[in-house]
Every structure is written in structure tokens, then in C-alpha cells.
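Dumped query.txt below, it's compact mmCIF, N, CA and C atoms:
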# COMPACT_ATOMS: atom_id res chain seq x y z
N GLN R 29 92.61 -79.69 132.01
CA GLN R 29 91.59 -80.71 131.93
C GLN R 29 90.44 -80.23 131.04
N VAL R 30 89.94 -81.11 130.25
CA VAL R 30 88.86 -80.79 129.31
C VAL R 30 87.62 -81.57 129.71
N GLN R 31 86.51 -80.88 129.78
CA GLN R 31 85.22 -81.54 130.03
C GLN R 31 84.36 -81.43 128.77
N LEU R 32 83.69 -82.52 128.44
CA LEU R 32 82.84 -82.59 127.25
C LEU R 32 81.45 -83.05 127.66
N VAL R 33 80.45 -82.35 127.16
CA VAL R 33 79.06 -82.71 127.47
C VAL R 33 78.27 -82.78 126.18
N GLU R 34 77.76 -83.98 125.87
CA GLU R 34 76.95 -84.15 124.67
C GLU R 34 75.48 -83.89 124.96
N SER R 35 74.76 -83.53 123.93
CA SER R 35 73.31 -83.39 124.01
C SER R 35 72.74 -83.54 122.61
N GLY R 36 71.42 -83.70 122.56
CA GLY R 36 70.75 -83.73 121.26
C GLY R 36 70.30 -85.09 120.79
N GLY R 37 70.62 -86.13 121.54
CA GLY R 37 70.17 -87.45 121.15
C GLY R 37 68.66 -87.60 121.34
N GLY R 38 68.13 -88.72 120.85
CA GLY R 38 66.71 -88.97 121.00
C GLY R 38 66.23 -90.06 120.09
N LEU R 39 64.92 -90.17 119.98
CA LEU R 39 64.27 -91.17 119.15
C LEU R 39 63.78 -90.49 117.88
N VAL R 40 64.11 -91.08 116.74
CA VAL R 40 63.72 -90.50 115.46
C VAL R 40 63.36 -91.63 114.52
N GLN R 41 62.48 -91.35 113.59
CA GLN R 41 62.12 -92.36 112.58
C GLN R 41 63.20 -92.42 111.50
N ALA R 42 63.29 -93.56 110.87
CA ALA R 42 64.23 -93.72 109.76
C ALA R 42 63.97 -92.65 108.70
N GLY R 43 65.05 -92.07 108.21
CA GLY R 43 64.94 -90.98 107.25
C GLY R 43 64.96 -89.60 107.88
N GLY R 44 64.84 -89.57 109.19
CA GLY R 44 64.82 -88.30 109.90
C GLY R 44 66.21 -87.76 110.20
N SER R 45 66.24 -86.66 110.94
CA SER R 45 67.49 -85.97 111.25
C SER R 45 67.58 -85.65 112.73
N LEU R 46 68.82 -85.56 113.20
CA LEU R 46 69.12 -85.08 114.54
C LEU R 46 70.42 -84.30 114.48
N ARG R 47 70.60 -83.37 115.41
CA ARG R 47 71.87 -82.68 115.54
C ARG R 47 72.39 -82.87 116.95
N LEU R 48 73.54 -83.46 117.06
CA LEU R 48 74.20 -83.64 118.34
C LEU R 48 75.13 -82.47 118.60
N SER R 49 75.23 -82.09 119.87
CA SER R 49 76.14 -81.04 120.28
C SER R 49 77.12 -81.59 121.31
N CYS R 50 78.31 -81.04 121.30
CA CYS R 50 79.33 -81.39 122.29
C CYS R 50 79.93 -80.09 122.80
N ALA R 51 79.52 -79.70 123.99
CA ALA R 51 80.02 -78.47 124.59
C ALA R 51 81.29 -78.77 125.38
N ALA R 52 82.33 -78.01 125.09
CA ALA R 52 83.63 -78.22 125.74
C ALA R 52 83.91 -77.11 126.73
N SER R 53 84.61 -77.46 127.78
CA SER R 53 85.10 -76.47 128.74
C SER R 53 86.49 -76.89 129.18
N GLY R 54 87.24 -75.90 129.63
CA GLY R 54 88.59 -76.17 130.09
C GLY R 54 89.66 -75.89 129.06
N ARG R 55 89.27 -75.83 127.80
CA ARG R 55 90.20 -75.55 126.71
C ARG R 55 89.41 -75.12 125.48
N THR R 56 90.01 -74.25 124.69
CA THR R 56 89.36 -73.80 123.46
C THR R 56 89.39 -74.91 122.42
N ILE R 57 88.23 -75.20 121.80
CA ILE R 57 88.15 -76.35 120.90
C ILE R 57 89.01 -76.20 119.65
N SER R 58 89.35 -74.96 119.30
CA SER R 58 90.19 -74.78 118.11
C SER R 58 91.61 -75.29 118.35
N THR R 59 91.94 -75.56 119.61
CA THR R 59 93.26 -76.11 119.95
C THR R 59 93.21 -77.62 120.14
N LEU R 60 92.04 -78.21 119.93
CA LEU R 60 91.84 -79.63 120.16
C LEU R 60 91.55 -80.38 118.87
N TYR R 61 92.01 -81.61 118.80
CA TYR R 61 91.53 -82.55 117.80
C TYR R 61 90.24 -83.15 118.37
N MET R 62 89.19 -83.17 117.60
CA MET R 62 87.92 -83.63 118.14
C MET R 62 87.26 -84.63 117.20
N GLY R 63 86.49 -85.52 117.81
CA GLY R 63 85.83 -86.53 116.99
C GLY R 63 84.54 -87.02 117.61
N TRP R 64 83.79 -87.74 116.82
CA TRP R 64 82.58 -88.43 117.26
C TRP R 64 82.78 -89.93 117.05
N PHE R 65 82.39 -90.68 118.05
CA PHE R 65 82.38 -92.14 117.99
C PHE R 65 80.99 -92.61 118.40
N ARG R 66 80.70 -93.85 118.09
CA ARG R 66 79.42 -94.43 118.53
C ARG R 66 79.62 -95.88 118.92
N GLN R 67 78.72 -96.34 119.77
CA GLN R 67 78.80 -97.72 120.24
C GLN R 67 77.41 -98.29 120.38
N ALA R 68 77.15 -99.33 119.61
CA ALA R 68 75.88 -100.04 119.70
C ALA R 68 76.03 -101.19 120.70
N PRO R 69 74.94 -101.65 121.28
CA PRO R 69 75.01 -102.75 122.25
C PRO R 69 75.72 -103.97 121.67
N GLY R 70 76.68 -104.48 122.42
CA GLY R 70 77.39 -105.68 121.99
C GLY R 70 78.45 -105.45 120.94
N LYS R 71 78.69 -104.19 120.58
CA LYS R 71 79.68 -103.90 119.54
C LYS R 71 80.77 -102.99 120.09
N ASP R 72 81.88 -102.96 119.39
CA ASP R 72 82.97 -102.07 119.77
C ASP R 72 82.62 -100.63 119.43
N ARG R 73 83.29 -99.72 120.12
CA ARG R 73 83.12 -98.30 119.80
C ARG R 73 83.74 -98.05 118.43
N GLU R 74 83.00 -97.36 117.57
CA GLU R 74 83.49 -97.15 116.22
C GLU R 74 83.55 -95.67 115.88
N PHE R 75 84.50 -95.34 115.02
CA PHE R 75 84.71 -93.97 114.57
C PHE R 75 83.56 -93.51 113.68
N VAL R 76 83.18 -92.25 113.85
CA VAL R 76 82.14 -91.66 113.02
C VAL R 76 82.71 -90.50 112.20
N ALA R 77 83.33 -89.53 112.89
CA ALA R 77 83.83 -88.34 112.20
C ALA R 77 84.87 -87.65 113.07
N ALA R 78 85.73 -86.86 112.42
CA ALA R 78 86.76 -86.13 113.15
C ALA R 78 87.02 -84.79 112.48
N ILE R 79 87.52 -83.85 113.27
CA ILE R 79 87.88 -82.53 112.76
C ILE R 79 89.25 -82.15 113.30
N TYR R 80 90.12 -81.70 112.40
CA TYR R 80 91.49 -81.35 112.74
C TYR R 80 91.50 -79.99 113.42
N ARG R 81 92.35 -79.82 114.43
CA ARG R 81 92.24 -78.66 115.30
C ARG R 81 92.52 -77.34 114.61
N SER R 82 93.53 -77.28 113.76
CA SER R 82 93.91 -75.99 113.22
C SER R 82 93.32 -75.75 111.83
N SER R 83 93.48 -76.71 110.97
CA SER R 83 93.03 -76.52 109.58
C SER R 83 91.55 -76.78 109.41
N GLY R 84 90.96 -77.50 110.38
CA GLY R 84 89.56 -77.84 110.22
C GLY R 84 89.32 -78.97 109.24
N ASN R 85 90.39 -79.67 108.83
CA ASN R 85 90.19 -80.83 107.95
C ASN R 85 89.22 -81.81 108.58
N LEU R 86 88.42 -82.44 107.73
CA LEU R 86 87.37 -83.32 108.19
C LEU R 86 87.60 -84.75 107.70
N ASP R 87 87.04 -85.69 108.43
CA ASP R 87 87.11 -87.09 108.03
C ASP R 87 85.84 -87.78 108.49
N TYR R 88 85.36 -88.71 107.68
CA TYR R 88 84.12 -89.43 107.98
C TYR R 88 84.29 -90.92 107.74
N ALA R 89 83.62 -91.71 108.57
CA ALA R 89 83.52 -93.13 108.27
C ALA R 89 82.69 -93.30 107.00
N ASP R 90 83.02 -94.32 106.23
CA ASP R 90 82.31 -94.56 104.98
C ASP R 90 80.81 -94.74 105.21
N SER R 91 80.45 -95.30 106.35
CA SER R 91 79.04 -95.60 106.62
C SER R 91 78.19 -94.35 106.81
N VAL R 92 78.82 -93.21 107.09
CA VAL R 92 78.05 -91.99 107.34
C VAL R 92 78.36 -90.89 106.33
N LYS R 93 79.34 -91.10 105.48
CA LYS R 93 79.73 -90.08 104.52
C LYS R 93 78.55 -89.71 103.62
N GLY R 94 78.34 -88.41 103.48
CA GLY R 94 77.24 -87.92 102.68
C GLY R 94 75.95 -87.74 103.45
N ARG R 95 75.89 -88.28 104.67
CA ARG R 95 74.69 -88.15 105.50
C ARG R 95 74.96 -87.33 106.77
N PHE R 96 76.15 -87.46 107.32
CA PHE R 96 76.52 -86.77 108.55
C PHE R 96 77.50 -85.64 108.24
N THR R 97 77.42 -84.57 109.04
CA THR R 97 78.35 -83.45 108.89
C THR R 97 78.86 -83.03 110.27
N ILE R 98 80.17 -83.02 110.40
CA ILE R 98 80.80 -82.56 111.63
C ILE R 98 81.18 -81.09 111.46
N SER R 99 81.01 -80.31 112.50
CA SER R 99 81.36 -78.90 112.44
C SER R 99 81.65 -78.40 113.84
N ARG R 100 82.15 -77.20 113.92
CA ARG R 100 82.39 -76.61 115.24
C ARG R 100 82.11 -75.11 115.18
N ASP R 101 81.73 -74.59 116.32
CA ASP R 101 81.52 -73.15 116.50
C ASP R 101 82.49 -72.71 117.58
N ASN R 102 83.58 -72.08 117.17
CA ASN R 102 84.61 -71.70 118.13
C ASN R 102 84.08 -70.69 119.15
N ALA R 103 83.19 -69.81 118.72
CA ALA R 103 82.65 -68.80 119.63
C ALA R 103 81.85 -69.45 120.77
N LYS R 104 81.19 -70.57 120.45
CA LYS R 104 80.41 -71.27 121.47
C LYS R 104 81.19 -72.42 122.10
N ASN R 105 82.41 -72.64 121.60
CA ASN R 105 83.24 -73.74 122.09
C ASN R 105 82.49 -75.07 122.03
N THR R 106 81.81 -75.27 120.94
CA THR R 106 80.94 -76.42 120.78
C THR R 106 81.17 -77.09 119.42
N MET R 107 81.14 -78.41 119.43
CA MET R 107 81.23 -79.20 118.21
C MET R 107 79.86 -79.81 117.94
N TYR R 108 79.56 -80.02 116.67
CA TYR R 108 78.25 -80.55 116.30
C TYR R 108 78.39 -81.77 115.39
N LEU R 109 77.35 -82.57 115.36
CA LEU R 109 77.23 -83.64 114.37
C LEU R 109 75.81 -83.58 113.83
N GLN R 110 75.67 -83.09 112.62
CA GLN R 110 74.37 -83.06 111.95
C GLN R 110 74.18 -84.42 111.28
N MET R 111 73.11 -85.09 111.62
CA MET R 111 72.85 -86.43 111.10
C MET R 111 71.56 -86.41 110.30
N ASN R 112 71.67 -86.66 109.02
CA ASN R 112 70.52 -86.70 108.13
C ASN R 112 70.33 -88.11 107.57
N SER R 113 69.16 -88.36 107.04
CA SER R 113 68.85 -89.66 106.43
C SER R 113 69.21 -90.80 107.38
N LEU R 114 68.81 -90.66 108.61
CA LEU R 114 69.17 -91.66 109.62
C LEU R 114 68.59 -93.02 109.30
N GLN R 115 69.37 -94.04 109.60
CA GLN R 115 68.98 -95.42 109.36
C GLN R 115 68.97 -96.17 110.68
N HIS R 116 68.26 -97.29 110.70
CA HIS R 116 68.18 -98.09 111.93
C HIS R 116 69.58 -98.46 112.41
N GLU R 117 70.49 -98.68 111.45
CA GLU R 117 71.85 -99.09 111.78
C GLU R 117 72.64 -97.98 112.49
N ASP R 118 72.13 -96.75 112.49
CA ASP R 118 72.79 -95.65 113.18
C ASP R 118 72.46 -95.63 114.67
N THR R 119 71.56 -96.50 115.11
CA THR R 119 71.20 -96.56 116.51
C THR R 119 72.42 -96.92 117.36
N ALA R 120 72.73 -96.07 118.33
CA ALA R 120 73.91 -96.27 119.17
C ALA R 120 73.99 -95.15 120.20
N ALA R 121 74.87 -95.34 121.16
CA ALA R 121 75.27 -94.23 122.02
C ALA R 121 76.39 -93.48 121.31
N TYR R 122 76.24 -92.18 121.22
CA TYR R 122 77.22 -91.35 120.51
C TYR R 122 78.06 -90.58 121.54
N TYR R 123 79.36 -90.61 121.32
CA TYR R 123 80.30 -89.98 122.24
C TYR R 123 81.16 -88.95 121.49
N CYS R 124 81.38 -87.80 122.10
CA CYS R 124 82.37 -86.89 121.54
C CYS R 124 83.69 -87.12 122.29
N ALA R 125 84.76 -86.87 121.59
CA ALA R 125 86.08 -87.12 122.11
C ALA R 125 87.01 -85.99 121.70
N ALA R 126 88.06 -85.78 122.50
CA ALA R 126 89.00 -84.71 122.21
C ALA R 126 90.40 -85.13 122.62
N ALA R 127 91.37 -84.54 121.96
CA ALA R 127 92.77 -84.77 122.29
C ALA R 127 93.54 -83.49 122.05
N GLN R 128 94.50 -83.23 122.91
CA GLN R 128 95.36 -82.06 122.72
C GLN R 128 96.46 -82.35 121.72
N ASN R 129 96.88 -83.58 121.69
CA ASN R 129 97.91 -84.00 120.75
C ASN R 129 97.47 -85.31 120.11
N LEU R 130 97.52 -85.36 118.83
CA LEU R 130 97.06 -86.55 118.12
C LEU R 130 97.77 -86.61 116.78
N ILE R 131 98.23 -87.76 116.43
CA ILE R 131 98.77 -87.97 115.09
C ILE R 131 97.57 -88.17 114.17
N TRP R 132 97.42 -87.31 113.17
CA TRP R 132 96.21 -87.32 112.34
C TRP R 132 95.94 -88.70 111.74
N GLY R 133 96.97 -89.45 111.50
CA GLY R 133 96.77 -90.78 110.95
C GLY R 133 96.08 -91.74 111.89
N THR R 134 96.01 -91.39 113.17
CA THR R 134 95.35 -92.25 114.16
C THR R 134 94.01 -91.70 114.58
N ARG R 135 93.46 -90.77 113.83
CA ARG R 135 92.23 -90.10 114.23
C ARG R 135 91.04 -91.04 114.35
N ARG R 136 91.07 -92.17 113.71
CA ARG R 136 89.94 -93.09 113.73
C ARG R 136 90.04 -94.11 114.87
N THR R 137 91.05 -93.97 115.70
CA THR R 137 91.26 -94.89 116.81
C THR R 137 90.83 -94.25 118.12
N ALA R 138 89.93 -94.92 118.83
CA ALA R 138 89.40 -94.35 120.07
C ALA R 138 90.51 -94.07 121.09
N GLY R 139 91.51 -94.94 121.12
CA GLY R 139 92.60 -94.77 122.07
C GLY R 139 93.45 -93.54 121.85
N SER R 140 93.28 -92.88 120.71
CA SER R 140 94.06 -91.67 120.42
C SER R 140 93.51 -90.44 121.14
N TYR R 141 92.31 -90.56 121.70
CA TYR R 141 91.65 -89.43 122.36
C TYR R 141 91.69 -89.64 123.88
N ASN R 142 91.99 -88.60 124.62
CA ASN R 142 92.08 -88.74 126.07
C ASN R 142 90.98 -88.04 126.84
N TYR R 143 90.05 -87.40 126.16
CA TYR R 143 88.90 -86.80 126.83
C TYR R 143 87.62 -87.30 126.14
N TRP R 144 86.64 -87.66 126.95
CA TRP R 144 85.40 -88.22 126.44
C TRP R 144 84.20 -87.63 127.17
N GLY R 145 83.11 -87.48 126.44
CA GLY R 145 81.86 -87.11 127.06
C GLY R 145 81.15 -88.34 127.60
N GLN R 146 79.99 -88.12 128.20
CA GLN R 146 79.25 -89.20 128.83
C GLN R 146 78.39 -89.98 127.84
N GLY R 147 78.21 -89.43 126.65
CA GLY R 147 77.43 -90.11 125.62
C GLY R 147 75.99 -89.64 125.58
N THR R 148 75.41 -89.72 124.40
CA THR R 148 74.00 -89.41 124.22
C THR R 148 73.41 -90.48 123.29
N GLN R 149 72.24 -90.99 123.64
CA GLN R 149 71.65 -92.11 122.92
C GLN R 149 70.88 -91.62 121.70
N VAL R 150 71.12 -92.27 120.59
CA VAL R 150 70.37 -92.04 119.36
C VAL R 150 69.68 -93.36 118.99
N THR R 151 68.37 -93.31 118.87
CA THR R 151 67.61 -94.50 118.50
C THR R 151 66.80 -94.18 117.25
N VAL R 152 67.00 -94.98 116.21
CA VAL R 152 66.30 -94.78 114.95
C VAL R 152 65.33 -95.93 114.75
N SER R 153 64.07 -95.61 114.68
CA SER R 153 63.06 -96.64 114.51
C SER R 153 62.84 -96.88 113.01
N SER R 154 62.70 -98.15 112.67
CA SER R 154 62.54 -98.49 111.25
C SER R 154 61.08 -98.70 110.90
Show me the file's structure as C-alpha cells.
Amino acid sequence: QVQLVESGGGLVQAGGSLRLSCAASGRTISTLYMGWFRQAPGKDREFVAAIYRSSGNLDYADSVKGRFTISRDNAKNTMYLQMNSLQHEDTAAYYCAAAQNLIWGTRRTAGSYNYWGQGTQVTVSS
């Protein structure tokens, strides 16, 4: 069983930065496919970024490419999402997700992940 705990959300002005953390327990993150998703009120949960378990290959939604960076620290068993140049449209609850087995082609689908954190709120004021 894998437990995920997010932190680092908050209120920030447009143009500002935040770094989200996702601390994992129960399994080493280098053996997991991991991703970030977000959900704004009244909207579906949407893909933000993903990292491949072994090679570390990365993927980003077009809406965040060039502004957000996903990374992991295996020693701390923690995944991060560095968010720069935040926009009002980035306001959402952010969730980290993990899977032990995942077809890389389905990495952008929430249903491909079987472990989820509780979420952390990011609010960007314009």
C-alpha cells in the first residue's frame, strides 16, 4: 500500500511561484509512476505532469509546459512540482498520484493511477 501526502499549497499573486511536495510512504518512489493532477470547482480532474518510474522521462500538459517542473528526490522519497509564473487559471486543488504499473501512453488519464493524496489547494489571485 502506498500513502501520499501533499503539501505546499497556498495563496499567491499572479506571476508568483509555489513548490508542491508529495511525500510517499509504503514504497520507494523510483519504483512508481507518479503524476500531478488538478481539479478546479465544477471541472473535471485534469492532468498536469508525470514522471516515469525508471527512466525519469517527463511529460507536461500544454497549459503548464515551460512554467511547471516535476521532479523527485529518491533519498527523501518525495516528488515535487515547482510552479512558476502562476496564473489565475492555475487555481485548483492539486493532487499527486502514483501507480505501480502503468502503460506510459495512459499517463494523462486519472484512472491509470491507483494511489492518490488528499490534495492541496492552490489559489492564484489576479
(message) DSSP on the backbone, helix (DSSP H, G or I) only: what residues of chain R does that give? Format it as a list in words.
(response) Ile57, Ser58, Thr59, His116, Glu117, Asp118, Trp132, Gly133, Thr134, Ala138, Gly139 and Ser140 of chain R
(message) With all atoms listed in the file as the counted atoms, please give the residues lying no more than 5 Å from Ala77 in chain R, apart from itself and same-chain residues fewer than 4 positions off, as number ranges by chain.
(response) R: 63-64, 87-89
(request) Find the residue from R:Ala127, R:Ala51, R:Leu60, R:Leu32 that sits nearest to Tyr80 in chain R; use all atoms listed in the file when measuring. (result)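 Among R:Ala127, R:Ala51, R:Leu60, R:Leu32, it is R:Leu60 that comes nearest to Tyr80 in chain R.
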(request) Determine the nearest neighbour of Leu109 in chain R from the options R:Thr137, R:Leu46, R:Met62, R:Gly37, counting all atoms listed in the file. (result)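 Of R:Thr137, R:Leu46, R:Met62, R:Gly37, the one nearest Leu109 in chain R, counting all atoms listed in the file, is R:Leu46.
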(request) Within 5 Å of range 115-126 of chain R, counting only N, CA and C atoms, which residues show up once you throw out same-chain ones fewer than 2 positions away? Write them as a ChimeraX atom specification, please. (result) /R:43,61-68,113,128,141-145,147-152
(request) Rounded to one decimal place, report the atom C of Glu34 in chain R-atom C of Leu48 in chain R distance in Å. (result)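 A separation of 6.5 Å between them.
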(request) Could you jot down the CA of Val92 in chain R to atom N of Met107 in chain R separation for me, Å, one decimal place? (result)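 It comes out at 18.4 Å.
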(request) Find the spatial neighbours of Ser99 in chain R, counting all atoms listed in the file, within a cut-off of 8 Å - ignore same-chain residues fewer than 5 positions away - and output them as a ChimeraX atom specification. (result) /R:78-79,106-110
(request) Do a neighbour search on Ile131 in chain R at 8 Å with only N, CA and C atoms, toss out local chain neighbours closer than 4 positions, and write the hits as a ChimeraX atom specification. (result) /R:135-136,140
Just write the chosen residues, N, CA and C atoms, as a short mmCIF file (atom, residue, chain, number, x, y, z; two decimals), keeping the file's coordinate frame.
data_model
loop_
_atom_site.label_atom_id
_atom_site.label_comp_id
_atom_site.auth_asym_id
_atom_site.auth_seq_id
_atom_site.Cartn_x
_atom_site.Cartn_y
_atom_site.Cartn_z
N ARG R 135 93.46 -90.77 113.83
CA ARG R 135 92.23 -90.10 114.23
C ARG R 135 91.04 -91.04 114.35
N ARG R 136 91.07 -92.17 113.71
CA ARG R 136 89.94 -93.09 113.73
C ARG R 136 90.04 -94.11 114.87
N SER R 140 93.28 -92.88 120.71
CA SER R 140 94.06 -91.67 120.42
C SER R 140 93.51 -90.44 121.14
#
(message) Around (62.2, -102.0, 108.9), as given in the file, which residues come within 9 Å? Count only C-alpha atoms and list them as a list in words.
(response) Ala42, His116, Ser153 and Ser154 of chain R
(message) Just to confirm, what's the straight-line distance from CA of Trp132 in chain R to CA of Gln146 in chain R in Å (one decimal)?
(response) 23.7 Å
(request) Using only C-alpha atoms, find the one residue out of R:Asn129, R:Asn112, R:Gln29, R:Asn105 that sits nearest to Ala52 in chain R. (result)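 Once distances to Ala52 in chain R are computed over only C-alpha atoms, the minimum belongs to R:Asn105.
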Please write out, as JSON, where the centre of an axis-aligned box around all listed atoms of range 64-78 of chain R lies and how long its edges are, in Å to one decimal, after adding 5 Å on each side.
{"center_x": 81.0, "center_y": -95.2, "center_z": 117.3, "size_x": 22.1, "size_y": 30.9, "size_z": 20.2}
(request) Point out the residue among R:Gly38, R:Ala103, R:Asp72, R:Gln31 with the least atom-to-atom distance to Arg55 in chain R, counting all atoms listed in the file. (result)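 Closest to Arg55 in chain R of all the choices is R:Gln31.
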